[in-house]
Amino acid sequence: MAELKILNMDEIPATEVGWLWYPYIPYGKITIVHGDPGDGKTMMILQLAAILSRGDKLPCDDTEREPIRIIYQTAEDGLGDTIKPRLLAANADCTQIKVIDESEAALSMLDERIEQAIIETGAKVIILDPVQAYIGSQIDMNRANEVRNVLSQLGRVAEKYGCAVILVGHLNKVQGGKAN
């Protein structure tokens, strides 16, 4: 059991949040894009990756920016037949978009390869699509205490490297209707 430590708020320094895209996606934090299957979440995220890879201005944001490196992980779509054609259609600079090779071992949010890849590539954004695939096989997504531990560890990596983490989540479909 962890030792009790009490912190005084008057001793905690106030810090400003840095923004990848104000007010939507902060650096050093986790952002979740969640919705029904087929609503265009992946397409939106790939468009965002393309814009960031070129260093272009984001919608509703006049901030001048340099191109940034992005790590994009997908467990649902083929890299060569789906993701790359979508990135090319969005005019992405594919030299800025990296993928962690999962051919020998599936990746999870707790995998040290995520931190290693951020360090090695200098990525400022990591996208995991869908979150359900990367939560880890030992984690029950319906148990808040299990998910909280995983997300807090990933959040610490994001904060340590000032990297924006974007998780794409798909709601479960109900027979013949929208997700509940």
# chains A, B, ... in the order shown; residues from 1 in each chain; ligands from 1
>>> residues_around(residues="Leu46 of chain A", least_positions_apart="5", cutoff="12 Å", atoms="only C-alpha atoms", output="count of residues only")
30
>>> residues_around(residues="Gly136 of chain A", least_positions_apart="2", cutoff="10 Å", atoms="only C-alpha atoms", output="VMD selection string")
chain A and resid 106 to 111 131 to 134 138 to 141 147 150
>>> select_by_dssp(residues="chain A", states="helix (DSSP H, G or I)", output="MDAnalysis selection string")
chainID A and resid 9:11 41:54 79:89 94:96 112:121 131:134 144:161
>>> write_last_selection(atoms="C-alpha atoms", output="short mmCIF file (atom, residue, chain, number, x, y, z; two decimals), in the first residue's frame")
data_model
loop_
_atom_site.label_atom_id
_atom_site.label_comp_id
_atom_site.auth_asym_id
_atom_site.auth_seq_id
_atom_site.Cartn_x
_atom_site.Cartn_y
_atom_site.Cartn_z
CA MET A 9 -2.03 23.59 -3.09
CA ASP A 10 -0.20 26.78 -2.13
CA GLU A 11 3.07 24.96 -2.84
CA LYS A 41 -13.49 9.88 -36.74
CA THR A 42 -10.57 8.20 -38.50
CA MET A 43 -10.96 10.38 -41.59
CA MET A 44 -10.99 13.51 -39.41
CA ILE A 45 -7.89 12.37 -37.51
CA LEU A 46 -6.05 11.54 -40.75
CA GLN A 47 -6.94 14.99 -42.13
CA LEU A 48 -5.58 16.51 -38.91
CA ALA A 49 -2.39 14.43 -39.23
CA ALA A 50 -1.98 15.58 -42.84
CA ILE A 51 -2.34 19.26 -41.88
CA LEU A 52 0.12 18.90 -39.00
CA SER A 53 2.60 16.98 -41.17
CA ARG A 54 2.72 19.95 -43.57
CA LEU A 79 -1.54 0.73 -43.70
CA GLY A 80 -0.91 0.28 -47.42
CA ASP A 81 -4.42 -0.07 -48.76
CA THR A 82 -6.37 2.28 -46.49
CA ILE A 83 -4.29 4.61 -44.30
CA LYS A 84 -1.61 5.66 -46.81
CA PRO A 85 -4.11 6.34 -49.63
CA ARG A 86 -6.17 8.48 -47.23
CA LEU A 87 -3.06 10.39 -46.13
CA LEU A 88 -2.01 10.92 -49.75
CA ALA A 89 -5.52 12.13 -50.62
CA CYS A 94 4.24 11.02 -45.18
CA THR A 95 7.87 11.48 -44.11
CA GLN A 96 6.49 13.09 -40.94
CA GLU A 112 7.56 0.86 -23.49
CA ARG A 113 7.87 1.08 -27.28
CA ILE A 114 5.49 4.06 -27.22
CA GLU A 115 7.88 6.11 -25.08
CA GLN A 116 10.88 4.87 -27.07
CA ALA A 117 9.21 5.87 -30.34
CA ILE A 118 8.41 9.35 -29.04
CA ILE A 119 12.04 9.79 -28.02
CA GLU A 120 13.49 8.34 -31.24
CA THR A 121 11.20 10.20 -33.66
CA VAL A 131 -8.42 2.87 -28.23
CA GLN A 132 -10.06 -0.50 -27.58
CA ALA A 133 -7.26 -2.27 -29.46
CA TYR A 134 -4.50 -0.60 -27.45
CA ALA A 144 -12.80 2.19 -14.38
CA ASN A 145 -10.01 1.36 -11.93
CA GLU A 146 -8.19 -0.74 -14.55
CA VAL A 147 -8.61 1.81 -17.35
CA ARG A 148 -7.64 4.72 -15.07
CA ASN A 149 -4.28 3.10 -14.29
CA VAL A 150 -3.49 2.57 -17.97
CA LEU A 151 -4.54 6.09 -18.98
CA SER A 152 -2.63 7.70 -16.11
CA GLN A 153 0.57 5.92 -17.17
CA LEU A 154 0.07 7.00 -20.78
CA GLY A 155 -0.72 10.51 -19.53
CA ARG A 156 2.59 10.63 -17.66
CA VAL A 157 4.46 9.78 -20.87
CA ALA A 158 2.49 12.48 -22.74
CA GLU A 159 3.31 15.05 -20.06
CA LYS A 160 6.98 14.05 -19.83
CA TYR A 161 7.56 14.61 -23.56
#
>>> atom_distance(atom1="atom CA of Glu102 of chain A", atom2="atom CA of Ile25 of chain A")
26.3 Å
>>> residues_around(residues="Gly55 of chain A", least_positions_apart="3", cutoff="8 Å", atoms="only C-alpha atoms", output="JSON, numbers by chain")
{"A": [51, 52, 64, 65, 66, 67, 68]}
>>> write_last_selection(atoms="N, CA and C atoms", output="compact mmCIF listing (two decimals), in the first residue's frame")
# COMPACT_ATOMS: atom_id res chain seq x y z
N ILE A 51 -2.57 17.83 -42.09
CA ILE A 51 -2.34 19.26 -41.88
C ILE A 51 -1.11 19.50 -41.01
N LEU A 52 -1.02 18.74 -39.92
CA LEU A 52 0.12 18.90 -39.00
C LEU A 52 1.43 18.49 -39.65
N GLU A 64 0.77 30.07 -36.62
CA GLU A 64 1.80 29.62 -37.57
C GLU A 64 2.53 28.45 -36.91
N ARG A 65 2.78 27.40 -37.65
CA ARG A 65 3.44 26.23 -37.06
C ARG A 65 4.38 25.58 -38.06
N GLU A 66 5.29 24.85 -37.53
CA GLU A 66 6.21 24.05 -38.33
C GLU A 66 5.60 22.65 -38.49
N PRO A 67 6.00 21.91 -39.52
CA PRO A 67 5.55 20.52 -39.63
C PRO A 67 5.98 19.74 -38.38
N ILE A 68 5.16 18.83 -37.94
CA ILE A 68 5.51 18.02 -36.78
C ILE A 68 5.43 16.54 -37.13
>>> atom_distance(atom1="atom CA of Lys5 of chain A", atom2="atom CA of Gly162 of chain A")
26.2 Å
>>> residues_around(residues="Trp19 of chain A", least_positions_apart="3", cutoff="12 Å", atoms="only C-alpha atoms", output="mmCIF file with N, CA and C atoms, in the first residue's frame")
data_model
loop_
_atom_site.group_PDB
_atom_site.id
_atom_site.type_symbol
_atom_site.label_atom_id
_atom_site.label_comp_id
_atom_site.auth_asym_id
_atom_site.auth_seq_id
_atom_site.Cartn_x
_atom_site.Cartn_y
_atom_site.Cartn_z
ATOM 1 N N GLU A 16 0.816 26.778 -17.323
ATOM 2 C CA GLU A 16 -0.097 26.956 -18.448
ATOM 3 C C GLU A 16 -0.109 25.697 -19.303
ATOM 4 N N TYR A 22 -5.778 24.778 -30.132
ATOM 5 C CA TYR A 22 -6.602 25.404 -29.098
ATOM 6 C C TYR A 22 -8.034 25.550 -29.580
ATOM 7 N N PRO A 23 -9.003 25.249 -28.779
ATOM 8 C CA PRO A 23 -9.028 24.666 -27.430
ATOM 9 C C PRO A 23 -9.334 23.173 -27.429
ATOM 10 N N TYR A 24 -8.927 22.484 -28.486
ATOM 11 C CA TYR A 24 -9.344 21.102 -28.662
ATOM 12 C C TYR A 24 -8.341 20.050 -28.194
ATOM 13 N N ILE A 25 -7.075 20.234 -28.540
ATOM 14 C CA ILE A 25 -6.079 19.193 -28.269
ATOM 15 C C ILE A 25 -4.861 19.807 -27.576
ATOM 16 N N PRO A 26 -4.696 19.528 -26.280
ATOM 17 C CA PRO A 26 -3.537 20.051 -25.553
ATOM 18 C C PRO A 26 -2.316 19.144 -25.716
ATOM 19 N N TYR A 27 -1.144 19.758 -25.615
ATOM 20 C CA TYR A 27 0.092 18.979 -25.524
ATOM 21 C C TYR A 27 0.195 18.414 -24.108
ATOM 22 N N GLY A 28 0.821 17.257 -23.992
ATOM 23 C CA GLY A 28 1.079 16.663 -22.683
ATOM 24 C C GLY A 28 -0.142 16.062 -22.019
ATOM 25 N N LYS A 29 -1.203 15.900 -22.768
ATOM 26 C CA LYS A 29 -2.452 15.361 -22.229
ATOM 27 C C LYS A 29 -3.023 14.339 -23.205
ATOM 28 N N ILE A 30 -4.090 13.678 -22.754
ATOM 29 C CA ILE A 30 -4.801 12.714 -23.584
ATOM 30 C C ILE A 30 -6.114 13.344 -24.039
ATOM 31 N N THR A 31 -6.388 13.231 -25.333
ATOM 32 C CA THR A 31 -7.655 13.676 -25.911
ATOM 33 C C THR A 31 -8.344 12.455 -26.502
ATOM 34 N N LEU A 58 -4.447 25.110 -38.744
ATOM 35 C CA LEU A 58 -5.597 24.263 -38.448
ATOM 36 C C LEU A 58 -6.880 25.080 -38.549
ATOM 37 N N ASP A 61 -7.907 28.307 -36.251
ATOM 38 C CA ASP A 61 -6.666 28.567 -35.515
ATOM 39 C C ASP A 61 -5.664 29.185 -36.488
ATOM 40 N N THR A 63 -2.611 30.036 -35.802
ATOM 41 C CA THR A 63 -1.255 29.835 -35.324
ATOM 42 C C THR A 63 -0.344 29.357 -36.449
ATOM 43 N N ARG A 65 2.783 27.404 -37.647
ATOM 44 C CA ARG A 65 3.436 26.227 -37.058
ATOM 45 C C ARG A 65 4.380 25.580 -38.061
ATOM 46 N N LYS A 124 5.378 14.737 -31.756
ATOM 47 C CA LYS A 124 4.619 15.639 -30.891
ATOM 48 C C LYS A 124 3.167 15.202 -30.790
ATOM 49 N N VAL A 125 2.784 14.192 -31.591
ATOM 50 C CA VAL A 125 1.426 13.642 -31.553
ATOM 51 C C VAL A 125 1.530 12.135 -31.695
ATOM 52 N N GLY A 162 5.760 16.263 -23.602
ATOM 53 C CA GLY A 162 4.970 17.326 -24.220
ATOM 54 C C GLY A 162 4.309 16.863 -25.504
ATOM 55 N N CYS A 163 3.864 15.642 -25.495
ATOM 56 C CA CYS A 163 3.280 15.010 -26.678
ATOM 57 C C CYS A 163 1.758 14.946 -26.513
ATOM 58 N N ALA A 164 1.039 15.326 -27.549
ATOM 59 C CA ALA A 164 -0.422 15.193 -27.532
ATOM 60 C C ALA A 164 -0.774 13.747 -27.878
ATOM 61 N N VAL A 165 -1.593 13.127 -27.045
ATOM 62 C CA VAL A 165 -2.048 11.762 -27.298
ATOM 63 C C VAL A 165 -3.518 11.838 -27.688
#
>>> select_by_dssp(residues="segment 2-153 of chain A", states="strand (DSSP E or B)", output="list of chain:residue names")
A:Trp19, A:Leu20, A:Trp21, A:Ile25, A:Pro26, A:Ile30, A:Thr31, A:Ile32, A:Val33, A:His34, A:Gly35, A:Ile70, A:Ile71, A:Tyr72, A:Gln73, A:Thr74, A:Ile97, A:Lys98, A:Val125, A:Ile126, A:Ile127, A:Leu128, A:Asp129
>>> write_last_selection(atoms="C-alpha atoms", output="short mmCIF file (atom, residue, chain, number, x, y, z; two decimals), in the first residue's frame")
data_model
loop_
_atom_site.label_atom_id
_atom_site.label_comp_id
_atom_site.auth_asym_id
_atom_site.auth_seq_id
_atom_site.Cartn_x
_atom_site.Cartn_y
_atom_site.Cartn_z
CA TRP A 19 -1.92 23.64 -27.15
CA LEU A 20 -1.48 21.62 -30.31
CA TRP A 21 -4.88 22.95 -31.44
CA ILE A 25 -6.08 19.19 -28.27
CA PRO A 26 -3.54 20.05 -25.55
CA ILE A 30 -4.80 12.71 -23.58
CA THR A 31 -7.65 13.68 -25.91
CA ILE A 32 -10.38 11.20 -26.78
CA VAL A 33 -12.31 11.38 -30.05
CA HIS A 34 -15.30 9.12 -29.51
CA GLY A 35 -18.41 8.29 -31.53
CA ILE A 70 3.20 12.05 -35.74
CA ILE A 71 2.97 8.42 -34.69
CA TYR A 72 -0.22 6.85 -36.04
CA GLN A 73 -1.21 3.37 -34.88
CA THR A 74 -4.21 1.54 -36.25
CA ILE A 97 4.09 10.24 -40.09
CA LYS A 98 5.55 7.18 -38.38
CA VAL A 125 1.43 13.64 -31.55
CA ILE A 126 0.59 9.98 -31.08
CA ILE A 127 -2.71 8.60 -32.32
CA LEU A 128 -4.10 5.21 -31.24
CA ASP A 129 -7.05 4.08 -33.37
#
>>> atom_distance(atom1="atom CA of Glu76 of chain A", atom2="atom CA of Pro130 of chain A")
7.4 Å
>>> decode(residues="segment 79-178 of chain A", atoms="C-alpha atoms", output="compact mmCIF listing (two decimals), in the first residue's frame")
# COMPACT_ATOMS: atom_id res chain seq x y z
CA LEU A 79 -1.54 0.73 -43.70
CA GLY A 80 -0.91 0.28 -47.42
CA ASP A 81 -4.42 -0.07 -48.76
CA THR A 82 -6.37 2.28 -46.49
CA ILE A 83 -4.29 4.61 -44.30
CA LYS A 84 -1.61 5.66 -46.81
CA PRO A 85 -4.11 6.34 -49.63
CA ARG A 86 -6.17 8.48 -47.23
CA LEU A 87 -3.06 10.39 -46.13
CA LEU A 88 -2.01 10.92 -49.75
CA ALA A 89 -5.52 12.13 -50.62
CA ALA A 90 -5.21 14.62 -47.74
CA ASN A 91 -1.84 15.79 -49.12
CA ALA A 92 0.09 14.58 -46.06
CA ASP A 93 3.87 14.74 -45.85
CA CYS A 94 4.24 11.02 -45.18
CA THR A 95 7.87 11.48 -44.11
CA GLN A 96 6.49 13.09 -40.94
CA ILE A 97 4.09 10.24 -40.09
CA LYS A 98 5.55 7.18 -38.38
CA VAL A 99 4.14 3.78 -37.38
CA ILE A 100 5.46 1.48 -34.68
CA ASP A 101 5.96 -1.98 -36.25
CA GLU A 102 3.60 -4.45 -34.59
CA SER A 103 4.49 -7.42 -36.81
CA GLU A 104 6.24 -9.27 -33.97
CA ALA A 105 4.22 -8.07 -30.99
CA ALA A 106 0.97 -6.16 -30.64
CA LEU A 107 1.27 -2.74 -29.04
CA SER A 108 -0.56 -1.64 -25.90
CA MET A 109 -0.73 1.69 -24.08
CA LEU A 110 1.58 0.29 -21.41
CA ASP A 111 4.18 -0.82 -23.96
CA GLU A 112 7.56 0.86 -23.49
CA ARG A 113 7.87 1.08 -27.28
CA ILE A 114 5.49 4.06 -27.22
CA GLU A 115 7.88 6.11 -25.08
CA GLN A 116 10.88 4.87 -27.07
CA ALA A 117 9.21 5.87 -30.34
CA ILE A 118 8.41 9.35 -29.04
CA ILE A 119 12.04 9.79 -28.02
CA GLU A 120 13.49 8.34 -31.24
CA THR A 121 11.20 10.20 -33.66
CA GLY A 122 10.62 13.43 -31.72
CA ALA A 123 6.89 12.94 -32.31
CA LYS A 124 4.62 15.64 -30.89
CA VAL A 125 1.43 13.64 -31.55
CA ILE A 126 0.59 9.98 -31.08
CA ILE A 127 -2.71 8.60 -32.32
CA LEU A 128 -4.10 5.21 -31.24
CA ASP A 129 -7.05 4.08 -33.37
CA PRO A 130 -9.12 2.48 -31.92
CA VAL A 131 -8.42 2.87 -28.23
CA GLN A 132 -10.06 -0.50 -27.58
CA ALA A 133 -7.26 -2.27 -29.46
CA TYR A 134 -4.50 -0.60 -27.45
CA ILE A 135 -5.91 -0.70 -23.94
CA GLY A 136 -4.21 -4.08 -23.39
CA SER A 137 -5.50 -7.63 -23.36
CA GLN A 138 -5.42 -7.85 -19.56
CA ILE A 139 -7.53 -4.71 -19.06
CA ASP A 140 -11.33 -4.77 -18.80
CA MET A 141 -12.56 -1.51 -20.38
CA ASN A 142 -15.69 -1.74 -18.23
CA ARG A 143 -13.66 -1.44 -15.03
CA ALA A 144 -12.80 2.19 -14.38
CA ASN A 145 -10.01 1.36 -11.93
CA GLU A 146 -8.19 -0.74 -14.55
CA VAL A 147 -8.61 1.81 -17.35
CA ARG A 148 -7.64 4.72 -15.07
CA ASN A 149 -4.28 3.10 -14.29
CA VAL A 150 -3.49 2.57 -17.97
CA LEU A 151 -4.54 6.09 -18.98
CA SER A 152 -2.63 7.70 -16.11
CA GLN A 153 0.57 5.92 -17.17
CA LEU A 154 0.07 7.00 -20.78
CA GLY A 155 -0.72 10.51 -19.53
CA ARG A 156 2.59 10.63 -17.66
CA VAL A 157 4.46 9.78 -20.87
CA ALA A 158 2.49 12.48 -22.74
CA GLU A 159 3.31 15.05 -20.06
CA LYS A 160 6.98 14.05 -19.83
CA TYR A 161 7.56 14.61 -23.56
CA GLY A 162 4.97 17.33 -24.22
CA CYS A 163 3.28 15.01 -26.68
CA ALA A 164 -0.42 15.19 -27.53
CA VAL A 165 -2.05 11.76 -27.30
CA ILE A 166 -5.22 11.26 -29.31
CA LEU A 167 -7.31 8.16 -28.66
CA VAL A 168 -9.98 7.29 -31.20
CA GLY A 169 -12.85 5.41 -29.58
CA HIS A 170 -15.72 3.58 -31.22
CA LEU A 171 -18.98 3.17 -29.38
CA ASN A 172 -20.62 -0.24 -29.55
CA LYS A 173 -23.50 -0.57 -31.96
CA VAL A 174 -26.89 -1.65 -30.69
CA GLN A 175 -28.77 -4.02 -32.99
CA GLY A 176 -30.27 -1.83 -35.72
CA GLY A 177 -29.49 1.52 -34.10
CA LYS A 178 -26.96 3.96 -32.79
